[in-house]
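Structure data (PDB, C-alpha atoms) from work_29.pdb:
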ATOM      1  CA  MET A  50      44.192-198.454 -16.982
ATOM      2  CA  ASN A  51      40.691-199.257 -15.715
ATOM      3  CA  LYS A  52      38.724-202.348 -16.711
ATOM      4  CA  THR A  53      36.562-200.664 -19.360
ATOM      5  CA  ASP A  54      39.529-199.012 -21.093
ATOM      6  CA  ARG A  55      41.495-202.268 -20.999
ATOM      7  CA  GLN A  56      38.675-204.286 -22.539
ATOM      8  CA  LEU A  57      38.282-201.748 -25.357
ATOM      9  CA  ALA A  58      42.051-201.845 -25.878
ATOM     10  CA  ILE A  59      41.934-205.653 -26.059
ATOM     11  CA  MET A  60      39.357-205.466 -28.866
ATOM     12  CA  LEU A  61      41.493-202.937 -30.737
ATOM     13  CA  GLU A  62      44.568-205.143 -30.407
ATOM     14  CA  LEU A  63      42.665-208.207 -31.633
ATOM     15  CA  GLN A  64      41.357-206.234 -34.595
ATOM     16  CA  ARG A  65      44.899-205.049 -35.392
ATOM     17  CA  SER A  66      46.918-208.210 -34.687
ATOM     18  CA  LYS A  67      44.341-210.859 -35.672
ATOM     19  CA  VAL A  68      45.568-213.519 -33.186
ATOM     20  CA  LEU A  69      47.007-212.942 -29.715
ATOM     21  CA  ARG A  70      47.657-215.208 -26.767
ATOM     22  CA  ALA A  71      46.443-214.341 -23.287
ATOM     23  CA  GLU A  72      50.096-214.139 -22.211
ATOM     24  CA  ASP A  73      50.784-211.543 -24.929
ATOM     25  CA  LEU A  74      47.835-209.421 -23.837
ATOM     26  CA  ALA A  75      48.808-209.706 -20.172
ATOM     27  CA  SER A  76      52.333-208.517 -20.973
ATOM     28  CA  LEU A  77      51.036-205.682 -23.153
ATOM     29  CA  PHE A  78      48.624-204.349 -20.520
ATOM     30  CA  GLU A  79      50.830-205.212 -17.545
ATOM     31  CA  THR A  80      48.281-207.389 -15.823
ATOM     32  CA  SER A  81      47.810-211.068 -15.017
ATOM     33  CA  VAL A  82      46.739-213.791 -17.429
ATOM     34  CA  ARG A  83      43.797-214.514 -15.123
ATOM     35  CA  THR A  84      42.600-210.917 -15.539
ATOM     36  CA  ILE A  85      42.800-211.271 -19.328
ATOM     37  CA  TYR A  86      40.697-214.446 -19.130
ATOM     38  CA  ARG A  87      38.041-212.515 -17.167
ATOM     39  CA  ASP A  88      38.150-209.651 -19.692
ATOM     40  CA  ILE A  89      37.702-212.051 -22.623
ATOM     41  CA  GLN A  90      34.744-213.690 -20.883
ATOM     42  CA  ALA A  91      33.160-210.300 -20.146
ATOM     43  CA  LEU A  92      33.558-209.205 -23.782
ATOM     44  CA  SER A  93      32.025-212.455 -25.015
ATOM     45  CA  GLU A  94      29.054-211.987 -22.687
ATOM     46  CA  MET A  95      28.587-208.484 -24.166
ATOM     47  CA  GLY A  96      28.259-210.022 -27.631
ATOM     48  CA  VAL A  97      31.762-209.473 -28.986
ATOM     49  CA  PRO A  98      32.489-212.547 -31.188
ATOM     50  CA  ILE A  99      35.887-213.606 -29.822
ATOM     51  CA  LEU A 100      37.207-216.976 -30.946
ATOM     52  CA  GLY A 101      39.701-218.978 -28.903
ATOM     53  CA  ALA A 102      41.988-221.667 -30.291
ATOM     54  CA  PRO A 103      43.973-223.811 -27.800
ATOM     55  CA  GLY A 104      47.689-223.185 -28.171
ATOM     56  CA  GLN A 105      47.170-220.325 -30.628
ATOM     57  CA  GLY A 106      45.263-217.554 -28.904
ATOM     58  CA  TYR A 107      42.255-215.310 -29.328
ATOM     59  CA  SER A 108      40.920-213.623 -32.456
ATOM     60  CA  LEU A 109      37.876-211.668 -33.580
ATOM     61  CA  MET A 110      35.389-213.400 -35.845
ATOM     62  CA  GLU A 111      36.188-212.603 -39.484
ATOM     63  CA  GLY A 112      34.141-209.668 -40.736
ATOM     64  CA  TYR A 113      33.616-208.126 -37.290
ATOM     65  CA  PHE A 114      34.786-204.538 -36.953
ATOM     66  CA  LEU A 115      34.582-202.124 -34.082
ATOM     67  CA  PRO A 116      32.527-198.968 -34.527
ATOM     68  CA  PRO A 117      34.443-195.700 -35.030
ATOM     69  CA  VAL A 118      36.497-194.784 -31.963
ATOM     70  CA  GLY A 119      36.434-191.274 -30.548
ATOM     71  CA  PHE A 120      39.645-189.423 -29.690
ATOM     72  CA  SER A 121      40.495-187.288 -26.720
ATOM     73  CA  ALA A 122      42.190-183.939 -27.385
ATOM     74  CA  GLU A 123      45.560-185.419 -26.389
ATOM     75  CA  GLU A 124      45.096-188.429 -28.694
ATOM     76  CA  ALA A 125      44.049-186.142 -31.553
ATOM     77  CA  VAL A 126      47.135-183.976 -31.015
ATOM     78  CA  THR A 127      49.345-187.070 -31.130
ATOM     79  CA  LEU A 128      47.885-188.177 -34.468
ATOM     80  CA  LEU A 129      47.929-184.697 -36.018
ATOM     81  CA  MET A 130      51.536-184.066 -35.009
ATOM     82  CA  GLY A 131      52.403-187.458 -36.465
ATOM     83  CA  THR A 132      50.963-186.430 -39.837
ATOM     84  CA  ASP A 133      52.983-183.197 -39.669
ATOM     85  CA  PHE A 134      56.160-185.212 -39.106
ATOM     86  CA  ILE A 135      55.448-187.622 -41.964
ATOM     87  CA  GLU A 136      54.663-184.772 -44.365
ATOM     88  CA  GLN A 137      58.001-183.141 -43.550
ATOM     89  CA  ARG A 138      60.178-186.230 -43.529
ATOM     90  CA  LEU A 139      58.887-188.720 -46.086
ATOM     91  CA  ASP A 140      58.671-188.543 -49.862
ATOM     92  CA  GLY A 141      55.855-186.985 -51.879
ATOM     93  CA  ASP A 142      53.610-190.058 -51.915
ATOM     94  CA  TYR A 143      53.418-190.246 -48.133
ATOM     95  CA  GLY A 144      53.328-186.445 -47.861
ATOM     96  CA  SER A 145      50.063-186.392 -49.810
ATOM     97  CA  VAL A 146      48.682-189.282 -47.759
ATOM     98  CA  ALA A 147      49.612-187.463 -44.535
ATOM     99  CA  LYS A 148      47.728-184.339 -45.650
ATOM    100  CA  ALA A 149      44.645-186.405 -46.520
ATOM    101  CA  ALA A 150      44.813-188.254 -43.202
ATOM    102  CA  ARG A 151      45.082-184.961 -41.304
ATOM    103  CA  ARG A 152      41.985-183.594 -43.040
ATOM    104  CA  LYS A 153      40.019-186.772 -42.246
ATOM    105  CA  ILE A 154      41.051-186.746 -38.587
ATOM    106  CA  GLU A 155      40.107-183.081 -38.211
ATOM    107  CA  ALA A 156      36.778-183.682 -39.991
ATOM    108  CA  ILE A 157      35.591-186.407 -37.609
ATOM    109  CA  LEU A 158      36.579-184.633 -34.394
ATOM    110  CA  PRO A 159      33.687-183.173 -32.397
ATOM    111  CA  GLU A 160      33.905-179.380 -32.192
ATOM    112  CA  PRO A 161      34.933-179.291 -28.484
ATOM    113  CA  VAL A 162      37.726-181.822 -29.063
ATOM    114  CA  ARG A 163      38.833-180.095 -32.273
ATOM    115  CA  GLY A 164      39.005-176.757 -30.503
ATOM    116  CA  GLU A 165      40.893-178.178 -27.536
ATOM    117  CA  SER A 166      43.353-180.031 -29.782
ATOM    118  CA  THR A 167      44.001-176.819 -31.718
ATOM    119  CA  ARG A 168      44.802-174.979 -28.489
ATOM    120  CA  VAL A 169      47.141-177.784 -27.367
ATOM    121  CA  ARG A 170      48.957-177.848 -30.725
ATOM    122  CA  GLU A 171      49.482-174.091 -30.520
ATOM    123  CA  THR A 172      51.412-174.592 -27.279
ATOM    124  CA  MET A 173      53.576-177.489 -28.540
ATOM    125  CA  ARG A 174      56.182-177.937 -31.201
ATOM    126  CA  LEU A 175      57.556-181.127 -32.692
ATOM    127  CA  LEU A 176      61.295-180.704 -32.173
ATOM    128  CA  GLN A 177      63.489-182.522 -34.642
ATOM    129  CA  ALA A 178      67.178-183.348 -34.729
ATOM    130  CA  GLY A 179      68.285-181.531 -37.879
ATOM    131  CA  GLU A 180      66.319-179.760 -40.557
ATOM    132  CA  PRO A 181      63.533-181.433 -42.562
ATOM    133  CA  VAL A 182      64.483-182.939 -45.921
ATOM    134  CA  THR A 183      64.196-180.065 -48.390
ATOM    135  CA  SER A 184      66.115-181.429 -51.400
ATOM    136  CA  TRP A 185      63.767-182.729 -54.086
ATOM    137  CA  ARG A 186      66.487-185.166 -55.134
ATOM    138  CA  GLU A 187      66.723-186.596 -51.620
ATOM    139  CA  LYS A 188      62.946-186.911 -51.336
ATOM    140  CA  ASP A 189      62.877-188.654 -54.714
ATOM    141  CA  TYR A 190      65.633-191.027 -53.574
ATOM    142  CA  LEU A 191      63.698-191.707 -50.373
ATOM    143  CA  GLY A 192      60.688-192.750 -52.433
ATOM    144  CA  GLN A 193      62.786-194.916 -54.766
ATOM    145  CA  ALA A 194      64.557-196.609 -51.861
ATOM    146  CA  ARG A 195      61.290-197.225 -50.045
ATOM    147  CA  ARG A 196      59.727-198.852 -53.103
ATOM    148  CA  ALA A 197      62.853-200.919 -53.785
ATOM    149  CA  ILE A 198      62.715-202.263 -50.224
ATOM    150  CA  MET A 199      59.066-203.234 -50.610
ATOM    151  CA  GLU A 200      59.645-204.856 -54.015
ATOM    152  CA  ARG A 201      62.936-206.505 -52.938
ATOM    153  CA  ARG A 202      64.895-204.902 -55.806
ATOM    154  CA  LYS A 203      68.530-203.884 -55.725
ATOM    155  CA  LEU A 204      69.802-200.327 -56.068
ATOM    156  CA  ARG A 205      72.782-198.860 -57.888
ATOM    157  CA  MET A 206      74.276-195.495 -56.933
ATOM    158  CA  THR A 207      77.355-193.338 -56.860
ATOM    159  CA  TYR A 208      78.211-192.752 -53.217
ATOM    160  CA  LEU A 209      80.316-189.990 -51.702
ATOM    161  CA  LYS A 210      82.144-191.591 -48.791
ATOM    162  CA  LYS A 211      82.852-189.696 -45.600
ATOM    163  CA  MET A 212      86.534-190.627 -45.586
ATOM    164  CA  PRO A 213      88.601-190.651 -48.823
ATOM    165  CA  GLU A 214      90.673-193.588 -50.029
ATOM    166  CA  THR A 215      94.472-193.400 -50.012
ATOM    167  CA  ASP A 216      94.358-191.774 -53.473
ATOM    168  CA  GLY A 217      92.047-189.050 -52.151
ATOM    169  CA  ASN A 218      89.006-190.313 -54.050
ATOM    170  CA  ARG A 219      85.696-190.257 -52.149
ATOM    171  CA  LYS A 220      83.350-191.465 -54.901
ATOM    172  CA  SER A 221      82.405-195.104 -55.287
ATOM    173  CA  THR A 222      79.819-196.946 -57.401
ATOM    174  CA  ARG A 223      77.806-199.420 -55.339
ATOM    175  CA  GLU A 224      75.116-202.017 -55.918
ATOM    176  CA  VAL A 225      73.199-202.842 -52.765
ATOM    177  CA  ALA A 226      70.286-204.894 -51.464
ATOM    178  CA  PRO A 227      68.220-202.416 -49.406
ATOM    179  CA  TYR A 228      66.882-203.751 -46.101
ATOM    180  CA  GLY A 229      65.438-200.627 -44.465
ATOM    181  CA  LEU A 230      65.515-196.872 -43.857
ATOM    182  CA  VAL A 231      66.313-195.142 -40.565
ATOM    183  CA  LEU A 232      66.102-191.462 -39.639
ATOM    184  CA  VAL A 233      69.163-190.509 -37.569
ATOM    185  CA  GLN A 234      69.714-186.929 -36.381
ATOM    186  CA  GLY A 235      67.813-185.494 -39.316
ATOM    187  CA  ASN A 236      69.463-187.739 -41.932
ATOM    188  CA  TRP A 237      67.846-190.667 -43.741
ATOM    189  CA  ILE A 238      70.142-193.700 -43.654
ATOM    190  CA  LEU A 239      69.725-196.681 -45.970
ATOM    191  CA  ILE A 240      70.581-199.998 -44.300
ATOM    192  CA  ALA A 241      71.702-202.286 -47.116
ATOM    193  CA  ARG A 242      73.966-205.204 -47.962
ATOM    194  CA  CYS A 243      76.730-203.921 -50.205
ATOM    195  CA  ASP A 244      77.774-206.250 -53.044
ATOM    196  CA  LEU A 245      81.249-204.683 -53.079
ATOM    197  CA  ARG A 246      81.948-205.080 -49.352
ATOM    198  CA  GLN A 247      79.835-208.239 -48.928
ATOM    199  CA  GLU A 248      78.332-206.975 -45.678
ATOM    200  CA  ILE A 249      75.651-204.681 -44.306
ATOM    201  CA  ARG A 250      76.599-201.021 -44.667
ATOM    202  CA  HIS A 251      74.954-197.669 -43.921
ATOM    203  CA  PHE A 252      74.453-195.093 -46.704
ATOM    204  CA  ARG A 253      73.216-191.525 -46.275
ATOM    205  CA  LEU A 254      70.697-190.540 -48.917
ATOM    206  CA  SER A 255      72.208-187.030 -48.997
ATOM    207  CA  ARG A 256      75.512-188.489 -50.258
ATOM    208  CA  MET A 257      73.964-190.437 -53.138
ATOM    209  CA  THR A 258      73.824-189.475 -56.799
ATOM    210  CA  GLY A 259      72.486-191.351 -59.791
ATOM    211  CA  LEU A 260      70.309-193.667 -57.714
ATOM    212  CA  THR A 261      68.697-196.354 -59.896
ATOM    213  CA  VAL A 262      66.318-199.189 -59.053
ATOM    214  CA  LEU A 263      67.516-202.392 -60.742
ATOM    215  CA  GLU A 264      65.567-205.386 -61.988
ATOM    216  CA  ASP A 265      67.736-207.699 -59.849
ATOM    217  CA  ARG A 266      65.866-209.069 -56.862
ATOM    218  CA  PHE A 267      67.136-210.225 -53.480
ATOM    219  CA  LEU A 268      65.999-212.019 -50.328
ATOM    220  CA  ILE A 269      66.301-210.519 -46.865
ATOM    221  CA  PRO A 270      68.169-212.964 -44.597
ATOM    222  CA  HIS A 271      65.970-215.088 -42.373
ATOM    223  CA  GLY A 272      65.586-213.519 -38.965
ATOM    224  CA  PHE A 273      66.667-210.010 -39.993
ATOM    225  CA  ASN A 274      64.550-207.416 -38.172
ATOM    226  CA  LEU A 275      65.233-203.724 -38.660
ATOM    227  CA  ASN A 276      63.830-202.907 -35.208
ATOM    228  CA  ASN A 277      66.311-205.270 -33.559
ATOM    229  CA  TYR A 278      69.249-204.507 -35.842
ATOM    230  CA  ARG A 279      72.253-202.790 -34.282
ATOM    231  CA  GLN A 280      75.311-201.667 -36.186
ATOM    232  CA  PRO A 281      78.383-203.699 -35.193
ATOM    233  CA  ASP A 282      80.833-201.597 -33.194
ATOM    234  CA  ASP A 283      83.987-201.637 -35.312
ATOM    235  CA  ARG A 284      85.735-198.781 -33.524
ATOM    236  CA  ASN A 285      89.180-199.937 -32.478
ATOM    237  CA  GLU A 286      91.453-196.871 -32.538
ATOM    238  CA  ARG A 287      91.882-194.680 -29.469
ATOM    239  CA  VAL A 288      92.398-190.919 -29.401
ATOM    240  CA  LEU A 289      93.342-189.102 -26.211
ATOM    241  CA  VAL A 290      92.508-185.386 -25.929
ATOM    242  CA  ARG A 291      93.122-182.809 -23.219
ATOM    243  CA  ALA A 292      90.336-180.225 -23.110
ATOM    244  CA  ASN A 293      89.264-177.093 -21.287
ATOM    245  CA  PRO A 294      86.669-178.306 -18.729
ATOM    246  CA  GLU A 295      84.413-175.397 -19.734
ATOM    247  CA  ILE A 296      83.607-177.066 -23.068
ATOM    248  CA  ALA A 297      82.927-180.508 -21.577
ATOM    249  CA  ASP A 298      79.236-180.108 -22.409
ATOM    250  CA  LYS A 299      79.991-179.269 -26.064
ATOM    251  CA  ILE A 300      82.193-182.338 -26.402
ATOM    252  CA  ALA A 301      79.530-184.569 -24.846
ATOM    253  CA  GLU A 302      76.785-183.147 -27.069
ATOM    254  CA  THR A 303      78.653-183.454 -30.369
ATOM    255  CA  CYS A 304      80.810-186.562 -29.857
ATOM    256  CA  HIS A 305      78.958-188.730 -27.356
ATOM    257  CA  PHE A 306      79.057-191.684 -29.773
ATOM    258  CA  TYR A 307      82.871-191.673 -29.776
ATOM    259  CA  MET A 308      83.459-190.901 -26.088
ATOM    260  CA  GLU A 309      84.713-193.739 -23.925
ATOM    261  CA  SER A 310      85.715-191.997 -20.698
ATOM    262  CA  THR A 311      86.631-188.650 -19.117
ATOM    263  CA  GLU A 312      88.960-187.812 -16.260
ATOM    264  CA  GLU A 313      89.376-184.452 -14.542
ATOM    265  CA  ARG A 314      92.958-183.414 -13.796
ATOM    266  CA  LYS A 315      94.714-180.211 -12.792
ATOM    267  CA  GLU A 316      96.010-179.663 -16.315
ATOM    268  CA  GLY A 317      92.568-180.155 -17.850
ATOM    269  CA  LEU A 318      89.915-182.682 -18.784
ATOM    270  CA  LEU A 319      91.255-185.878 -20.339
ATOM    271  CA  VAL A 320      88.845-187.389 -22.845
ATOM    272  CA  ASN A 321      89.289-190.860 -24.358
ATOM    273  CA  PHE A 322      87.665-191.455 -27.743
ATOM    274  CA  LEU A 323      87.232-194.733 -29.593
ATOM    275  CA  VAL A 324      86.967-194.323 -33.383
ATOM    276  CA  ARG A 325      87.299-196.236 -36.638
ATOM    277  CA  GLN A 326      89.736-193.636 -37.954
ATOM    278  CA  PRO A 327      91.140-190.611 -36.059
ATOM    279  CA  GLU A 328      90.147-188.392 -39.010
ATOM    280  CA  GLU A 329      86.516-188.855 -37.949
ATOM    281  CA  LEU A 330      87.281-186.449 -35.088
ATOM    282  CA  LEU A 331      89.116-183.923 -37.269
ATOM    283  CA  PRO A 332      86.237-181.448 -37.844
ATOM    284  CA  TYR A 333      85.279-181.545 -34.165
ATOM    285  CA  ILE A 334      88.857-180.985 -32.931
ATOM    286  CA  LEU A 335      89.310-178.054 -35.294
ATOM    287  CA  GLY A 336      85.938-176.653 -34.270
ATOM    288  CA  TRP A 337      86.920-176.620 -30.605
ATOM    289  CA  GLY A 338      90.025-174.612 -31.478
ATOM    290  CA  GLY A 339      92.501-173.773 -28.729
ATOM    291  CA  ASP A 340      90.324-175.364 -26.056
ATOM    292  CA  VAL A 341      91.604-178.847 -26.938
ATOM    293  CA  GLU A 342      94.919-180.580 -27.570
ATOM    294  CA  VAL A 343      95.349-184.026 -29.072
ATOM    295  CA  LEU A 344      97.805-186.044 -26.975
ATOM    296  CA  GLU A 345      97.661-189.407 -28.733
ATOM    297  CA  PRO A 346      98.270-190.802 -31.267
ATOM    298  CA  GLU A 347     101.257-188.780 -32.453
ATOM    299  CA  SER A 348     100.254-189.197 -36.110
ATOM    300  CA  PHE A 349      96.941-187.471 -35.405
ATOM    301  CA  ARG A 350      98.752-184.629 -33.608
ATOM    302  CA  HIS A 351     100.724-184.094 -36.824
ATOM    303  CA  ARG A 352      97.507-184.167 -38.851
ATOM    304  CA  ILE A 353      95.974-181.441 -36.669
ATOM    305  CA  ARG A 354      99.175-179.388 -36.963
ATOM    306  CA  GLU A 355      99.070-179.669 -40.766
ATOM    307  CA  GLU A 356      95.487-178.448 -40.894
ATOM    308  CA  ALA A 357      96.251-175.588 -38.513
ATOM    309  CA  GLU A 358      99.177-174.506 -40.720
ATOM    310  CA  LYS A 359      96.928-174.565 -43.796
ATOM    311  CA  ILE A 360      94.428-172.356 -41.981
ATOM    312  CA  LEU A 361      97.197-169.971 -40.884
ATOM    313  CA  LYS A 362      98.434-169.575 -44.450
ATOM    314  CA  ARG A 363      94.973-168.506 -45.556
ATOM    315  CA  TYR A 364      94.927-165.729 -42.989
TER
END
The structure given in the file should be rewritten as structure tokens.
Amino acid sequence: MNKTDRQLAIMLELQRSKVLRAEDLASLFETSVRTIYRDIQALSEMGVPILGAPGQGYSLMEGYFLPPVGFSAEEAVTLLMGTDFIEQRLDGDYGSVAKAARRKIEAILPEPVRGESTRVRETMRLLQAGEPVTSWREKDYLGQARRAIMERRKLRMTYLKKMPETDGNRKSTREVAPYGLVLVQGNWILIARCDLRQEIRHFRLSRMTGLTVLEDRFLIPHGFNLNNYRQPDDRNERVLVRANPEIADKIAETCHFYMESTEERKEGLLVNFLVRQPEELLPYILGWGGDVEVLEPESFRHRIREEAEKILKRY
């Protein structure tokens, strides 16, 4: 980044973040603190009203705004593709906002940039993991969950669990304190503290019914940050599988989260999985058919045999 671009970027960051230390700016632009000092001095000499407070950082004088910033074709494409993504993935409120934002961006682009950005967009496609949310119920739930998070209100729902209880029941009524929403492989996941389990759990919006926003309020724990949050790894059961080496890529693509190690042998590829419950692998094992054999644990071998016998009876 050259000096002129960096100084403009510094003004944009100050306008966005209000107060920043020289060390923060140096880290952001990968330069030295001394260089940032020189940039701040140069901007001040050009008439930009930058205020400095010892021990706090730099800020722009209140009421000062930068003039409209022009976009290159590449920058315009980035913004326009972002609005496409939001329109597809978020609820109706943000979908309408995304459309309006796209129209405004296109309206202010100079004709040469607009034409170039159109040509670039025609040669690119925003690839997504999974299909866009098409269910009106799921989009409605996304909007309700989003508003509940902002208003710090609890949610009640009937949830269809992935794995059934011992009685075969998969449905459970939950009240949760919603902390955030995450898009994972095409599925919106609600990160929330479950009153029943007394811990943070993950809930797919597609498995919810009867979602209701409650009047009960909650406080997010001090220090919780969705960007830094990582799900605790509670996998503690091992499954050993022997597989045809020719499907090694399929196994890696579909079950990379569960894979612990692989080892090539004469009799085949040995794959070690670490799971919460062996049944999590059941649909994958059945999908790979005769190209895999479960070696351990023995109870899971029996489970696969039972499913195979059920399939055989149907045919």
| request: Could you tell me which residues the PyMOL selection byres ((chain A and resi 263-269) around 10) grabs in this file, written as a PyMOL selection string? | output: chain A and resi 197-198+200-205+224-228+241-242+260-262+270-274
| Around (45.4, -184.3, -44.7) in the file's own coordinates, what residues are found within 12 Å if you use all atoms listed in the file, given back as a ChimeraX atom specification? | /A:128-133,135-136,143-156
| query | If we count all atoms listed in the file, what is near Leu209 in chain A at a cut-off of 10 Å, once residues fewer than 2 positions away on the same chain are taken out, given as a ChimeraX atom specification? | reply | /A:206-207,211-213,218-222,252-253,255-258
| request: Just the residues within 12 Å of Ala122 in chain A, please, counting all atoms listed in the file, with nothing from its chain fewer than 4 positions along; format it as a VMD selection string. | output: chain A and resid 126 to 129 154 to 155 158 to 170
| request: Convert the output of the PyMOL selection byres ((chain A and resi 59-61) around 12) on the shown file into explicit residues, formatted as a ChimeraX atom specification. | output: /A:50,52-58,62-71,73-78,84-93,97-100,107-110,113-118
Grab the residues selected above and save them as a CSV table (one decimal), keeping the file's coordinate frame with C-alpha atoms.
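Dumped everything to part-v3.csv:
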chain,number,residue,atom,x,y,z
A,50,MET,CA,44.2,-198.5,-17.0
A,52,LYS,CA,38.7,-202.3,-16.7
A,53,THR,CA,36.6,-200.7,-19.4
A,54,ASP,CA,39.5,-199.0,-21.1
A,55,ARG,CA,41.5,-202.3,-21.0
A,56,GLN,CA,38.7,-204.3,-22.5
A,57,LEU,CA,38.3,-201.7,-25.4
A,58,ALA,CA,42.1,-201.8,-25.9
A,62,GLU,CA,44.6,-205.1,-30.4
A,63,LEU,CA,42.7,-208.2,-31.6
A,64,GLN,CA,41.4,-206.2,-34.6
A,65,ARG,CA,44.9,-205.0,-35.4
A,66,SER,CA,46.9,-208.2,-34.7
A,67,LYS,CA,44.3,-210.9,-35.7
A,68,VAL,CA,45.6,-213.5,-33.2
A,69,LEU,CA,47.0,-212.9,-29.7
A,70,ARG,CA,47.7,-215.2,-26.8
A,71,ALA,CA,46.4,-214.3,-23.3
A,73,ASP,CA,50.8,-211.5,-24.9
A,74,LEU,CA,47.8,-209.4,-23.8
A,75,ALA,CA,48.8,-209.7,-20.2
A,76,SER,CA,52.3,-208.5,-21.0
A,77,LEU,CA,51.0,-205.7,-23.2
A,78,PHE,CA,48.6,-204.3,-20.5
A,84,THR,CA,42.6,-210.9,-15.5
A,85,ILE,CA,42.8,-211.3,-19.3
A,86,TYR,CA,40.7,-214.4,-19.1
A,87,ARG,CA,38.0,-212.5,-17.2
A,88,ASP,CA,38.2,-209.7,-19.7
A,89,ILE,CA,37.7,-212.1,-22.6
A,90,GLN,CA,34.7,-213.7,-20.9
A,91,ALA,CA,33.2,-210.3,-20.1
A,92,LEU,CA,33.6,-209.2,-23.8
A,93,SER,CA,32.0,-212.5,-25.0
A,97,VAL,CA,31.8,-209.5,-29.0
A,98,PRO,CA,32.5,-212.5,-31.2
A,99,ILE,CA,35.9,-213.6,-29.8
A,100,LEU,CA,37.2,-217.0,-30.9
A,107,TYR,CA,42.3,-215.3,-29.3
A,108,SER,CA,40.9,-213.6,-32.5
A,109,LEU,CA,37.9,-211.7,-33.6
A,110,MET,CA,35.4,-213.4,-35.8
A,113,TYR,CA,33.6,-208.1,-37.3
A,114,PHE,CA,34.8,-204.5,-37.0
A,115,LEU,CA,34.6,-202.1,-34.1
A,116,PRO,CA,32.5,-199.0,-34.5
A,117,PRO,CA,34.4,-195.7,-35.0
A,118,VAL,CA,36.5,-194.8,-32.0
| field | Selection under test: the PyMOL selection byres ((chain A and resi 335) around 12); residues as a PyMOL selection string | value | chain A and resi 328-334+336-343+350+352-360
| said: Need the shell around Met308 in chain A: protein/DNA/RNA residues with any atom at most 12 Å away, counting all atoms listed in the file. Skip same-chain ones fewer than 6 positions apart. Format as a VMD selection string? | reply: chain A and resid 284 286 to 290 297 300 to 302 319 to 324 330
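Going from CA of Val231 in chain A over to CA of Gln247 in chain A, you cover 20.6 Å.
Taking CA of Glu316 in chain A as the reference point, CA of Asn293 in chain A is found at 8.8 Å.
Take CA of Tyr307 in chain A and CA of Arg325 in chain A: the distance between them is 9.4 Å.
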